[in-house]
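File shown: model02.cif. Contents: mmCIF, C-alpha atoms, pLDDT in the B column; chains and numbers go by the auth columns.
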data_structure
#
loop_
_atom_site.group_PDB
_atom_site.id
_atom_site.type_symbol
_atom_site.label_atom_id
_atom_site.label_comp_id
_atom_site.label_asym_id
_atom_site.label_seq_id
_atom_site.Cartn_x
_atom_site.Cartn_y
_atom_site.Cartn_z
_atom_site.B_iso_or_equiv
_atom_site.auth_seq_id
_atom_site.auth_asym_id
ATOM 1 C CA MET A 1 -61.182 -51.015 -16.087 51.00 1 K
ATOM 2 C CA HIS A 2 -64.414 -49.068 -16.203 50.00 2 K
ATOM 3 C CA PRO A 3 -63.915 -45.722 -18.055 46.00 3 K
ATOM 4 C CA PHE A 4 -65.203 -43.742 -15.059 41.00 4 K
ATOM 5 C CA ARG A 5 -62.804 -45.496 -12.686 47.00 5 K
ATOM 6 C CA LEU A 6 -59.948 -44.957 -15.136 41.00 6 K
ATOM 7 C CA LEU A 7 -60.727 -41.235 -15.322 39.00 7 K
ATOM 8 C CA THR A 8 -60.969 -41.000 -11.505 40.00 8 K
ATOM 9 C CA ALA A 9 -57.595 -42.729 -11.069 42.00 9 K
ATOM 10 C CA LEU A 10 -55.984 -40.434 -13.623 38.00 10 K
ATOM 11 C CA VAL A 11 -57.345 -37.302 -11.958 35.00 11 K
ATOM 12 C CA THR A 12 -56.234 -38.535 -8.523 36.00 12 K
ATOM 13 C CA THR A 13 -52.715 -39.225 -9.836 37.00 13 K
ATOM 14 C CA LEU A 14 -52.494 -35.735 -11.337 33.00 14 K
ATOM 15 C CA VAL A 15 -53.734 -34.110 -8.122 35.00 15 K
ATOM 16 C CA ILE A 16 -51.050 -35.953 -6.119 34.00 16 K
ATOM 17 C CA ALA A 17 -48.219 -35.559 -8.619 36.00 17 K
ATOM 18 C CA LEU A 18 -48.781 -31.911 -9.533 34.00 18 K
ATOM 19 C CA PRO A 19 -47.999 -30.422 -6.081 36.00 19 K
ATOM 20 C CA VAL A 20 -44.928 -32.623 -5.800 35.00 20 K
ATOM 21 C CA SER A 21 -43.742 -31.477 -9.201 36.00 21 K
ATOM 22 C CA LEU A 22 -44.385 -27.835 -8.382 31.00 22 K
ATOM 23 C CA GLU A 23 -42.620 -28.192 -5.022 37.00 23 K
ATOM 24 C CA ALA A 24 -39.552 -29.744 -6.683 39.00 24 K
ATOM 25 C CA GLN A 25 -39.509 -26.979 -9.271 42.00 25 K
ATOM 26 C CA ALA A 26 -39.768 -24.309 -6.558 38.00 26 K
ATOM 27 C CA GLN A 27 -36.891 -25.888 -4.658 48.00 27 K
ATOM 28 C CA THR A 28 -34.776 -25.986 -7.816 51.00 28 K
ATOM 29 C CA ASN A 29 -35.578 -22.365 -8.582 57.00 29 K
ATOM 30 C CA GLY A 30 -34.638 -21.505 -5.003 56.00 30 K
ATOM 31 C CA HIS A 31 -31.295 -23.223 -5.490 64.00 31 K
ATOM 32 C CA TRP A 32 -30.589 -21.266 -8.663 78.00 32 K
ATOM 33 C CA SER A 33 -31.530 -17.923 -7.112 81.00 33 K
ATOM 34 C CA GLU A 34 -29.054 -18.500 -4.286 82.00 34 K
ATOM 35 C CA TYR A 35 -26.306 -19.548 -6.672 87.00 35 K
ATOM 36 C CA ASP A 36 -27.129 -16.605 -8.974 90.00 36 K
ATOM 37 C CA GLU A 37 -26.522 -14.231 -6.079 89.00 37 K
ATOM 38 C CA VAL A 38 -23.211 -15.797 -5.101 90.00 38 K
ATOM 39 C CA PHE A 39 -21.654 -16.097 -8.555 93.00 39 K
ATOM 40 C CA GLU A 40 -23.006 -12.864 -10.053 94.00 40 K
ATOM 41 C CA ASN A 41 -22.191 -10.714 -7.019 94.00 41 K
ATOM 42 C CA GLY A 42 -18.780 -12.351 -6.771 94.00 42 K
ATOM 43 C CA ALA A 43 -17.947 -11.550 -10.393 96.00 43 K
ATOM 44 C CA SER A 44 -19.181 -7.959 -10.041 96.00 44 K
ATOM 45 C CA HIS A 45 -17.175 -7.450 -6.842 96.00 45 K
ATOM 46 C CA ALA A 46 -14.107 -9.010 -8.475 96.00 46 K
ATOM 47 C CA ASN A 47 -14.236 -6.607 -11.421 96.00 47 K
ATOM 48 C CA VAL A 48 -14.584 -3.560 -9.148 96.00 48 K
ATOM 49 C CA TRP A 49 -11.754 -4.840 -6.941 97.00 49 K
ATOM 50 C CA GLN A 50 -9.483 -5.641 -9.896 95.00 50 K
ATOM 51 C CA TRP A 51 -9.797 -2.317 -11.666 95.00 51 K
ATOM 52 C CA GLY A 52 -10.031 -0.293 -8.462 96.00 52 K
ATOM 53 C CA TRP A 53 -6.718 -1.551 -7.091 96.00 53 K
ATOM 54 C CA THR A 54 -5.111 -1.391 -10.514 96.00 54 K
ATOM 55 C CA GLY A 55 -6.105 2.271 -10.633 96.00 55 K
ATOM 56 C CA ILE A 56 -4.742 2.915 -7.132 96.00 56 K
ATOM 57 C CA TYR A 57 -1.381 1.359 -7.934 96.00 57 K
ATOM 58 C CA GLY A 58 -1.287 3.027 -11.347 96.00 58 K
ATOM 59 C CA THR A 59 -1.866 6.429 -9.750 96.00 59 K
ATOM 60 C CA SER A 60 0.840 5.691 -7.188 96.00 60 K
ATOM 61 C CA LEU A 61 3.211 4.763 -10.008 96.00 61 K
ATOM 62 C CA ALA A 62 2.553 8.041 -11.824 97.00 62 K
ATOM 63 C CA VAL A 63 2.974 10.155 -8.659 96.00 63 K
ATOM 64 C CA ASN A 64 6.188 8.396 -7.680 95.00 64 K
ATOM 65 C CA ALA A 65 7.569 8.710 -11.203 96.00 65 K
ATOM 66 C CA TYR A 66 6.965 12.451 -11.072 95.00 66 K
ATOM 67 C CA GLN A 67 8.389 12.836 -7.559 94.00 67 K
ATOM 68 C CA SER A 68 11.472 10.796 -8.430 91.00 68 K
ATOM 69 C CA SER A 69 12.760 13.641 -10.585 90.00 69 K
ATOM 70 C CA GLU A 70 10.816 16.711 -9.494 89.00 70 K
ATOM 71 C CA ALA A 71 10.807 16.538 -5.697 90.00 71 K
ATOM 72 C CA SER A 72 12.954 19.249 -4.085 91.00 72 K
ATOM 73 C CA ASP A 73 14.234 17.030 -1.263 91.00 73 K
ATOM 74 C CA PRO A 74 16.858 14.422 -2.243 91.00 74 K
ATOM 75 C CA ASP A 75 15.407 11.956 0.276 92.00 75 K
ATOM 76 C CA ASP A 76 11.966 12.350 -1.264 91.00 76 K
ATOM 77 C CA ARG A 77 13.405 11.687 -4.720 93.00 77 K
ATOM 78 C CA PHE A 78 15.156 8.571 -3.430 94.00 78 K
ATOM 79 C CA ASP A 79 12.000 7.265 -1.728 94.00 79 K
ATOM 80 C CA ALA A 80 9.983 7.991 -4.873 94.00 80 K
ATOM 81 C CA ARG A 81 12.341 5.856 -6.952 95.00 81 K
ATOM 82 C CA VAL A 82 11.811 3.023 -4.515 95.00 82 K
ATOM 83 C CA GLY A 83 8.078 3.687 -4.786 95.00 83 K
ATOM 84 C CA VAL A 84 8.233 3.470 -8.583 95.00 84 K
ATOM 85 C CA VAL A 85 9.581 -0.071 -8.362 95.00 85 K
ATOM 86 C CA LYS A 86 7.018 -1.119 -5.761 96.00 86 K
ATOM 87 C CA SER A 87 4.096 0.400 -7.673 96.00 87 K
ATOM 88 C CA ALA A 88 5.227 -1.098 -10.989 96.00 88 K
ATOM 89 C CA LEU A 89 5.408 -4.555 -9.409 95.00 89 K
ATOM 90 C CA ALA A 90 1.979 -4.052 -7.861 95.00 90 K
ATOM 91 C CA VAL A 91 0.417 -3.043 -11.197 96.00 91 K
ATOM 92 C CA ALA A 92 2.026 -6.027 -12.902 95.00 92 K
ATOM 93 C CA GLY A 93 0.670 -8.294 -10.189 93.00 93 K
ATOM 94 C CA MET A 94 -2.857 -6.950 -10.596 94.00 94 K
ATOM 95 C CA LEU A 95 -2.752 -7.497 -14.359 93.00 95 K
ATOM 96 C CA THR A 96 -1.370 -11.033 -14.194 93.00 96 K
ATOM 97 C CA ASP A 97 -3.082 -12.444 -11.087 90.00 97 K
ATOM 98 C CA ARG A 98 -6.741 -12.217 -11.977 92.00 98 K
ATOM 99 C CA GLN A 99 -9.624 -12.961 -9.643 95.00 99 K
ATOM 100 C CA PRO A 100 -11.284 -16.349 -10.381 96.00 100 K
ATOM 101 C CA HIS A 101 -14.867 -15.094 -10.060 96.00 101 K
ATOM 102 C CA PRO A 102 -15.555 -13.884 -13.639 96.00 102 K
ATOM 103 C CA ALA A 103 -14.405 -17.232 -15.044 96.00 103 K
ATOM 104 C CA ALA A 104 -16.438 -19.044 -12.382 95.00 104 K
ATOM 105 C CA LEU A 105 -19.546 -17.064 -13.399 95.00 105 K
ATOM 106 C CA ALA A 106 -19.114 -18.129 -17.038 96.00 106 K
ATOM 107 C CA GLU A 107 -18.745 -21.770 -15.971 96.00 107 K
ATOM 108 C CA TYR A 108 -21.737 -21.440 -13.651 94.00 108 K
ATOM 109 C CA GLU A 109 -23.943 -20.159 -16.464 94.00 109 K
ATOM 110 C CA ARG A 110 -22.915 -23.131 -18.599 95.00 110 K
ATOM 111 C CA LEU A 111 -23.709 -25.596 -15.797 92.00 111 K
ATOM 112 C CA LYS A 112 -26.986 -23.854 -15.016 91.00 112 K
ATOM 113 C CA ALA A 113 -28.078 -24.048 -18.653 91.00 113 K
ATOM 114 C CA SER A 114 -27.573 -27.815 -18.545 90.00 114 K
ATOM 115 C CA GLY A 115 -29.269 -28.133 -15.143 85.00 115 K
ATOM 116 C CA ASP A 116 -26.159 -29.611 -13.533 86.00 116 K
ATOM 117 C CA LEU A 117 -26.807 -28.704 -9.890 83.00 117 K
ATOM 118 C CA SER A 118 -24.146 -31.043 -8.507 84.00 118 K
ATOM 119 C CA GLY A 119 -21.590 -29.474 -10.846 88.00 119 K
ATOM 120 C CA VAL A 120 -22.591 -26.019 -9.594 88.00 120 K
ATOM 121 C CA GLN A 121 -22.169 -27.155 -5.994 84.00 121 K
ATOM 122 C CA ALA A 122 -18.677 -28.455 -6.770 88.00 122 K
ATOM 123 C CA LEU A 123 -17.847 -25.191 -8.540 91.00 123 K
ATOM 124 C CA GLY A 124 -18.976 -23.227 -5.479 88.00 124 K
ATOM 125 C CA LEU A 125 -16.707 -25.288 -3.245 88.00 125 K
ATOM 126 C CA GLN A 126 -13.759 -24.759 -5.610 91.00 126 K
ATOM 127 C CA LEU A 127 -14.379 -21.013 -5.679 93.00 127 K
ATOM 128 C CA ALA A 128 -14.574 -20.867 -1.884 90.00 128 K
ATOM 129 C CA GLN A 129 -11.264 -22.735 -1.657 90.00 129 K
ATOM 130 C CA ALA A 130 -9.669 -20.250 -4.085 93.00 130 K
ATOM 131 C CA GLU A 131 -10.969 -17.361 -1.956 92.00 131 K
ATOM 132 C CA ARG A 132 -9.443 -18.855 1.180 90.00 132 K
ATOM 133 C CA GLU A 133 -6.102 -19.385 -0.554 91.00 133 K
ATOM 134 C CA ARG A 134 -6.052 -15.770 -1.715 93.00 134 K
ATOM 135 C CA ARG A 135 -6.446 -14.728 1.931 91.00 135 K
ATOM 136 C CA GLY A 136 -3.851 -17.154 3.259 90.00 136 K
ATOM 137 C CA TRP A 137 -0.270 -16.517 4.275 88.00 137 K
ATOM 138 C CA GLY A 138 0.955 -17.459 0.815 87.00 138 K
ATOM 139 C CA ALA A 139 -0.682 -14.289 -0.518 88.00 139 K
ATOM 140 C CA ARG A 140 1.522 -12.219 1.781 92.00 140 K
ATOM 141 C CA VAL A 141 4.904 -13.670 0.855 93.00 141 K
ATOM 142 C CA SER A 142 5.535 -11.533 -2.225 92.00 142 K
ATOM 143 C CA SER A 143 4.464 -8.354 -0.423 93.00 143 K
ATOM 144 C CA LEU A 144 6.674 -9.220 2.528 94.00 144 K
ATOM 145 C CA VAL A 145 9.662 -9.633 0.213 95.00 145 K
ATOM 146 C CA VAL A 146 9.033 -6.462 -1.815 95.00 146 K
ATOM 147 C CA ASN A 147 8.301 -4.241 1.175 95.00 147 K
ATOM 148 C CA GLY A 148 11.146 -5.779 3.159 96.00 148 K
ATOM 149 C CA VAL A 149 13.657 -5.048 0.408 95.00 149 K
ATOM 150 C CA ALA A 150 12.266 -1.533 -0.089 95.00 150 K
ATOM 151 C CA GLY A 151 12.467 -0.765 3.622 95.00 151 K
ATOM 152 C CA ALA A 152 15.996 -2.165 3.808 96.00 152 K
ATOM 153 C CA VAL A 153 17.133 -0.032 0.863 95.00 153 K
ATOM 154 C CA ILE A 154 15.817 3.127 2.511 94.00 154 K
ATOM 155 C CA ALA A 155 17.336 2.112 5.845 94.00 155 K
ATOM 156 C CA ALA A 156 20.680 1.517 4.112 94.00 156 K
ATOM 157 C CA ASP A 157 20.501 5.146 2.962 90.00 157 K
ATOM 158 C CA GLY A 158 20.868 6.127 6.608 91.00 158 K
ATOM 159 C CA ARG A 159 17.150 6.515 7.432 91.00 159 K
ATOM 160 C CA GLY A 160 16.096 3.507 9.477 92.00 160 K
ATOM 161 C CA ASP A 161 12.861 5.098 10.729 94.00 161 K
ATOM 162 C CA ASP A 162 11.775 5.994 7.195 92.00 162 K
ATOM 163 C CA GLY A 163 12.571 2.452 6.065 94.00 163 K
ATOM 164 C CA ALA A 164 10.447 0.989 8.853 96.00 164 K
ATOM 165 C CA ILE A 165 7.560 3.320 8.011 95.00 165 K
ATOM 166 C CA ASN A 166 7.805 2.407 4.332 95.00 166 K
ATOM 167 C CA PHE A 167 7.709 -1.303 5.189 96.00 167 K
ATOM 168 C CA ALA A 168 4.775 -0.990 7.602 96.00 168 K
ATOM 169 C CA THR A 169 2.774 1.188 5.200 95.00 169 K
ATOM 170 C CA GLY A 170 3.317 -1.215 2.325 95.00 170 K
ATOM 171 C CA MET A 171 2.203 -4.210 4.398 95.00 171 K
ATOM 172 C CA LEU A 172 -0.880 -2.352 5.607 95.00 172 K
ATOM 173 C CA VAL A 173 -1.904 -1.519 2.046 95.00 173 K
ATOM 174 C CA ASN A 174 -1.374 -5.144 1.071 95.00 174 K
ATOM 175 C CA GLU A 175 -3.642 -6.278 3.915 94.00 175 K
ATOM 176 C CA LEU A 176 -6.357 -3.907 2.751 95.00 176 K
ATOM 177 C CA GLN A 177 -5.985 -5.314 -0.754 95.00 177 K
ATOM 178 C CA ILE A 178 -6.268 -8.891 0.505 95.00 178 K
ATOM 179 C CA TRP A 179 -9.270 -8.379 2.788 93.00 179 K
ATOM 180 C CA SER A 180 -11.205 -6.291 0.272 95.00 180 K
ATOM 181 C CA GLN A 181 -11.266 -9.222 -2.157 95.00 181 K
ATOM 182 C CA PRO A 182 -14.620 -10.887 -2.930 94.00 182 K
ATOM 183 C CA ASN A 183 -15.577 -13.715 -0.570 91.00 183 K
ATOM 184 C CA GLN A 184 -19.161 -14.459 -1.573 89.00 184 K
ATOM 185 C CA ALA A 185 -18.523 -18.185 -2.020 89.00 185 K
ATOM 186 C CA SER A 186 -16.768 -18.507 1.342 85.00 186 K
ATOM 187 C CA SER A 187 -19.605 -16.683 3.106 83.00 187 K
ATOM 188 C CA ALA A 188 -22.182 -18.994 1.540 80.00 188 K
ATOM 189 C CA ILE A 189 -20.198 -22.211 1.830 71.00 189 K
ATOM 190 C CA ASN A 190 -22.531 -23.795 4.385 59.00 190 K
ATOM 191 C CA ARG A 191 -25.417 -23.462 1.954 59.00 191 K
ATOM 192 C CA PHE A 192 -23.567 -25.593 -0.549 50.00 192 K
ATOM 193 C CA GLN A 193 -22.672 -28.666 1.510 57.00 193 K
ATOM 194 C CA PRO A 194 -24.139 -31.832 -0.036 55.00 194 K
ATOM 195 C CA ALA A 195 -25.563 -34.360 2.430 58.00 195 K
ATOM 196 C CA ASN A 196 -27.612 -37.553 2.316 60.00 196 K
ATOM 197 C CA LEU A 197 -30.352 -38.455 4.800 59.00 197 K
ATOM 198 C CA SER A 198 -30.655 -42.198 5.374 60.00 198 K
ATOM 199 C CA LEU A 199 -33.895 -43.668 6.714 60.00 199 K
ATOM 200 C CA GLY A 200 -33.365 -47.391 6.738 61.00 200 K
ATOM 201 C CA PRO A 201 -33.103 -48.560 3.124 66.00 201 K
ATOM 202 C CA ILE A 202 -34.106 -45.108 1.812 68.00 202 K
ATOM 203 C CA THR A 203 -31.459 -42.448 1.053 65.00 203 K
ATOM 204 C CA ILE A 204 -32.595 -38.900 0.325 62.00 204 K
ATOM 205 C CA PRO A 205 -30.023 -36.532 -1.234 62.00 205 K
ATOM 206 C CA GLY A 206 -30.008 -32.953 -0.035 60.00 206 K
ATOM 207 C CA GLU A 207 -27.959 -30.183 1.548 59.00 207 K
ATOM 208 C CA TYR A 208 -27.308 -28.963 5.071 56.00 208 K
ATOM 209 C CA ALA A 209 -26.521 -25.513 6.441 54.00 209 K
ATOM 210 C CA LEU A 210 -25.131 -24.463 9.811 47.00 210 K
ATOM 211 C CA ASN A 211 -27.060 -21.777 11.678 44.00 211 K
ATOM 212 C CA VAL A 212 -24.983 -19.776 14.128 40.00 212 K
ATOM 213 C CA GLY A 213 -26.569 -17.101 16.283 38.00 213 K
ATOM 214 C CA PRO A 214 -25.627 -15.109 19.402 38.00 214 K
ATOM 215 C CA GLN A 215 -27.131 -17.734 21.730 43.00 215 K
ATOM 216 C CA GLN A 216 -27.808 -20.718 19.526 43.00 216 K
ATOM 217 C CA LEU A 217 -26.128 -23.256 17.327 41.00 217 K
ATOM 218 C CA GLY A 218 -28.105 -25.470 14.998 47.00 218 K
ATOM 219 C CA ALA A 219 -28.314 -27.023 11.578 50.00 219 K
ATOM 220 C CA THR A 220 -30.890 -27.137 8.804 56.00 220 K
ATOM 221 C CA TRP A 221 -31.244 -29.918 6.283 52.00 221 K
ATOM 222 C CA ARG A 222 -33.167 -29.566 3.022 55.00 222 K
ATOM 223 C CA TYR A 223 -33.843 -31.633 -0.078 54.00 223 K
#
If you convert what's in this file into structure tokens, what do you get?
Amino acid sequence: MHPFRLLTALVTTLVIALPVSLEAQAQTNGHWSEYDEVFENGASHANVWQWGWTGIYGTSLAVNAYQSSEASDPDDRFDARVGVVKSALAVAGMLTDRQPHPAALAEYERLKASGDLSGVQALGLQLAQAERERRGWGARVSSLVVNGVAGAVIAADGRGDDGAINFATGMLVNELQIWSQPNQASSAINRFQPANLSLGPITIPGEYALNVGPQQLGATWRY
């Protein structure tokens, strides 16, 4: 091939390939920025949630322990002893049942360093599933048992109304604990759905997202 033609072909190839390469890199960087937000914010929220609720239950434990011996009313001392048991169980639960987000962030950083985007997508789906399970009815069973027993004990002391209030208050606090948990992965789940677009013999891998608005329902596909 003539040297001039060879140079022209090389320049043309670079002009065509360079934008494609830059576009692919921009898309990849866009993927990482979205995943960075989900995993990093999730881990930060999880740490605040974990230590915040541990502090709340720890404070409740200390107050109830004091009231169990120092309260002037015998009923208050009795209720405080029940509260000591409930608070101690709650603190133990917070220390043993850790949020999965900090561990997921560490795994995400490892996958990101190796450029494993499909592994990150799978990790996001697993984290979203864990978030849903922690909001499911199974997360309420232990609280239902503990608060039910506590309310029954107080009611057996001849104070049915106080027992009912104790039960309802305990369940309300448990609901606040459950719904204040991080849910970044669940909120972003539609941005992490893998999908393939088939055009005859050609298959293009990508992702789809659902777009829901006040008066519209649609979907976006990207590669």
Which one of K:Ala43, K:Ile56, K:Val82, K:Leu117 sits closest to Asp157 of chain K if you count all atoms listed in the file? K:Val82
How close does each residue of segment 102-207 of chain K get to segment 57-66 of chain K, giving the shortest atom pair and distance in Å to one decimal for every residue with an atom at most 12 Å away, counting only C-alpha atoms, sorted by chain and residue number, as a tab-separated table?
residue	atom	partner	partner_atom	distance
K:Gly170	CA	K:Tyr57	CA	11.6
K:Val173	CA	K:Tyr57	CA	10.4
K:Asn174	CA	K:Tyr57	CA	11.1
K:Gln177	CA	K:Tyr57	CA	10.8
Counting all atoms listed in the file, note down every residue that has an atom within 6 Å of the point (-9.0, -12.6, -0.5) (file coordinates), as an NGL selection string. :K and (131 or 134-135 or 178-179 or 181)
My list of candidates is K:Ser186, K:Met94, K:Arg159, K:Phe167. Which is closest to Asp75 of chain K when distances are computed with only C-alpha atoms?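 Among the listed residues, the smallest separation from Asp75 of chain K belongs to K:Arg159.
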Between K:Pro74, K:Ala46, K:Val120, K:Trp137, single out the one closest to Asp97 of chain K, counting only C-alpha atoms.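 Nearest candidate to Asp97 of chain K out of K:Pro74, K:Ala46, K:Val120, K:Trp137: K:Ala46.
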Within 8 Å of Pro100 of chain K using all atoms listed in the file, minus same-chain residues under 3 positions, as a PyMOL selection string: chain K and resi 103-104+127+130
For the selection just defined, write its residues with C-alpha atoms to a file, as a CSV table (one decimal), in the frame of the given file.
chain,number,residue,atom,x,y,z
K,103,ALA,CA,-14.4,-17.2,-15.0
K,104,ALA,CA,-16.4,-19.0,-12.4
K,127,LEU,CA,-14.4,-21.0,-5.7
K,130,ALA,CA,-9.7,-20.2,-4.1
Within 6 Å of segment 143-152 of chain K, counting only C-alpha atoms, which residues qualify if same-chain residues fewer than 3 places away don't, as a PyMOL selection string? chain K and resi 140+155-156+163-164+166-167+170
Selected residues written out, C-alpha atoms, as a tab-separated table (two decimals), keeping the file's coordinate frame:
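Contents of out.tsv, freshly written:
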chain	number	residue	atom	x	y	z
K	140	ARG	CA	1.52	-12.22	1.78
K	155	ALA	CA	17.34	2.11	5.84
K	156	ALA	CA	20.68	1.52	4.11
K	163	GLY	CA	12.57	2.45	6.06
K	164	ALA	CA	10.45	0.99	8.85
K	166	ASN	CA	7.80	2.41	4.33
K	167	PHE	CA	7.71	-1.30	5.19
K	170	GLY	CA	3.32	-1.22	2.33
Find the residues near Pro102 of chain K: any atom within 10 Å, counting only C-alpha atoms, skip ones fewer than 2 places away on the same chain, and give them as a list in words.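 In the requested format, the answer is Phe39, Glu40, Asn41, Gly42, Ala43, Ser44, His45, Ala46, Asn47, Arg98, Gln99, Pro100, Ala104, Leu105, Ala106, Glu107 and Tyr108 of chain K.
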Once the PyMOL selection byres ((chain K and resi 128) around 9) has been evaluated on this model, what residues remain selected, and can you format them as a ChimeraX atom specification? /K:123-127,129-133,183-189
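Between Val141 of chain K and the candidates K:Val84, K:Leu176, K:Lys112, K:Met171, the tightest atom-to-atom separation, counting only C-alpha atoms, involves K:Met171.
Distances from K:Ser72, K:Gln50, K:Ser180, K:Gln67 to His101 of chain K were compared using only C-alpha atoms, and the smallest one belongs to K:Gln50.
Atom CA of Trp51 of chain K is found 15.1 Å from atom CA of Ala88 of chain K.
Distances from K:Thr169, K:Gly52, K:Asp36, K:Leu95 to Leu111 of chain K were compared using all atoms listed in the file, and the smallest one belongs to K:Asp36.
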So the first atom is atom CA of Pro182 of chain K and the second is atom CA of Tyr35 of chain K; what is the distance between them in Å, to one decimal place?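 Interatomic distance here is 15.0 Å.
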To one decimal place in Å, what is the distance between atom CA of Ala139 of chain K and atom CA of Glu175 of chain K?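 Taking atom CA of Ala139 of chain K and atom CA of Glu175 of chain K, their separation equals 9.6 Å.
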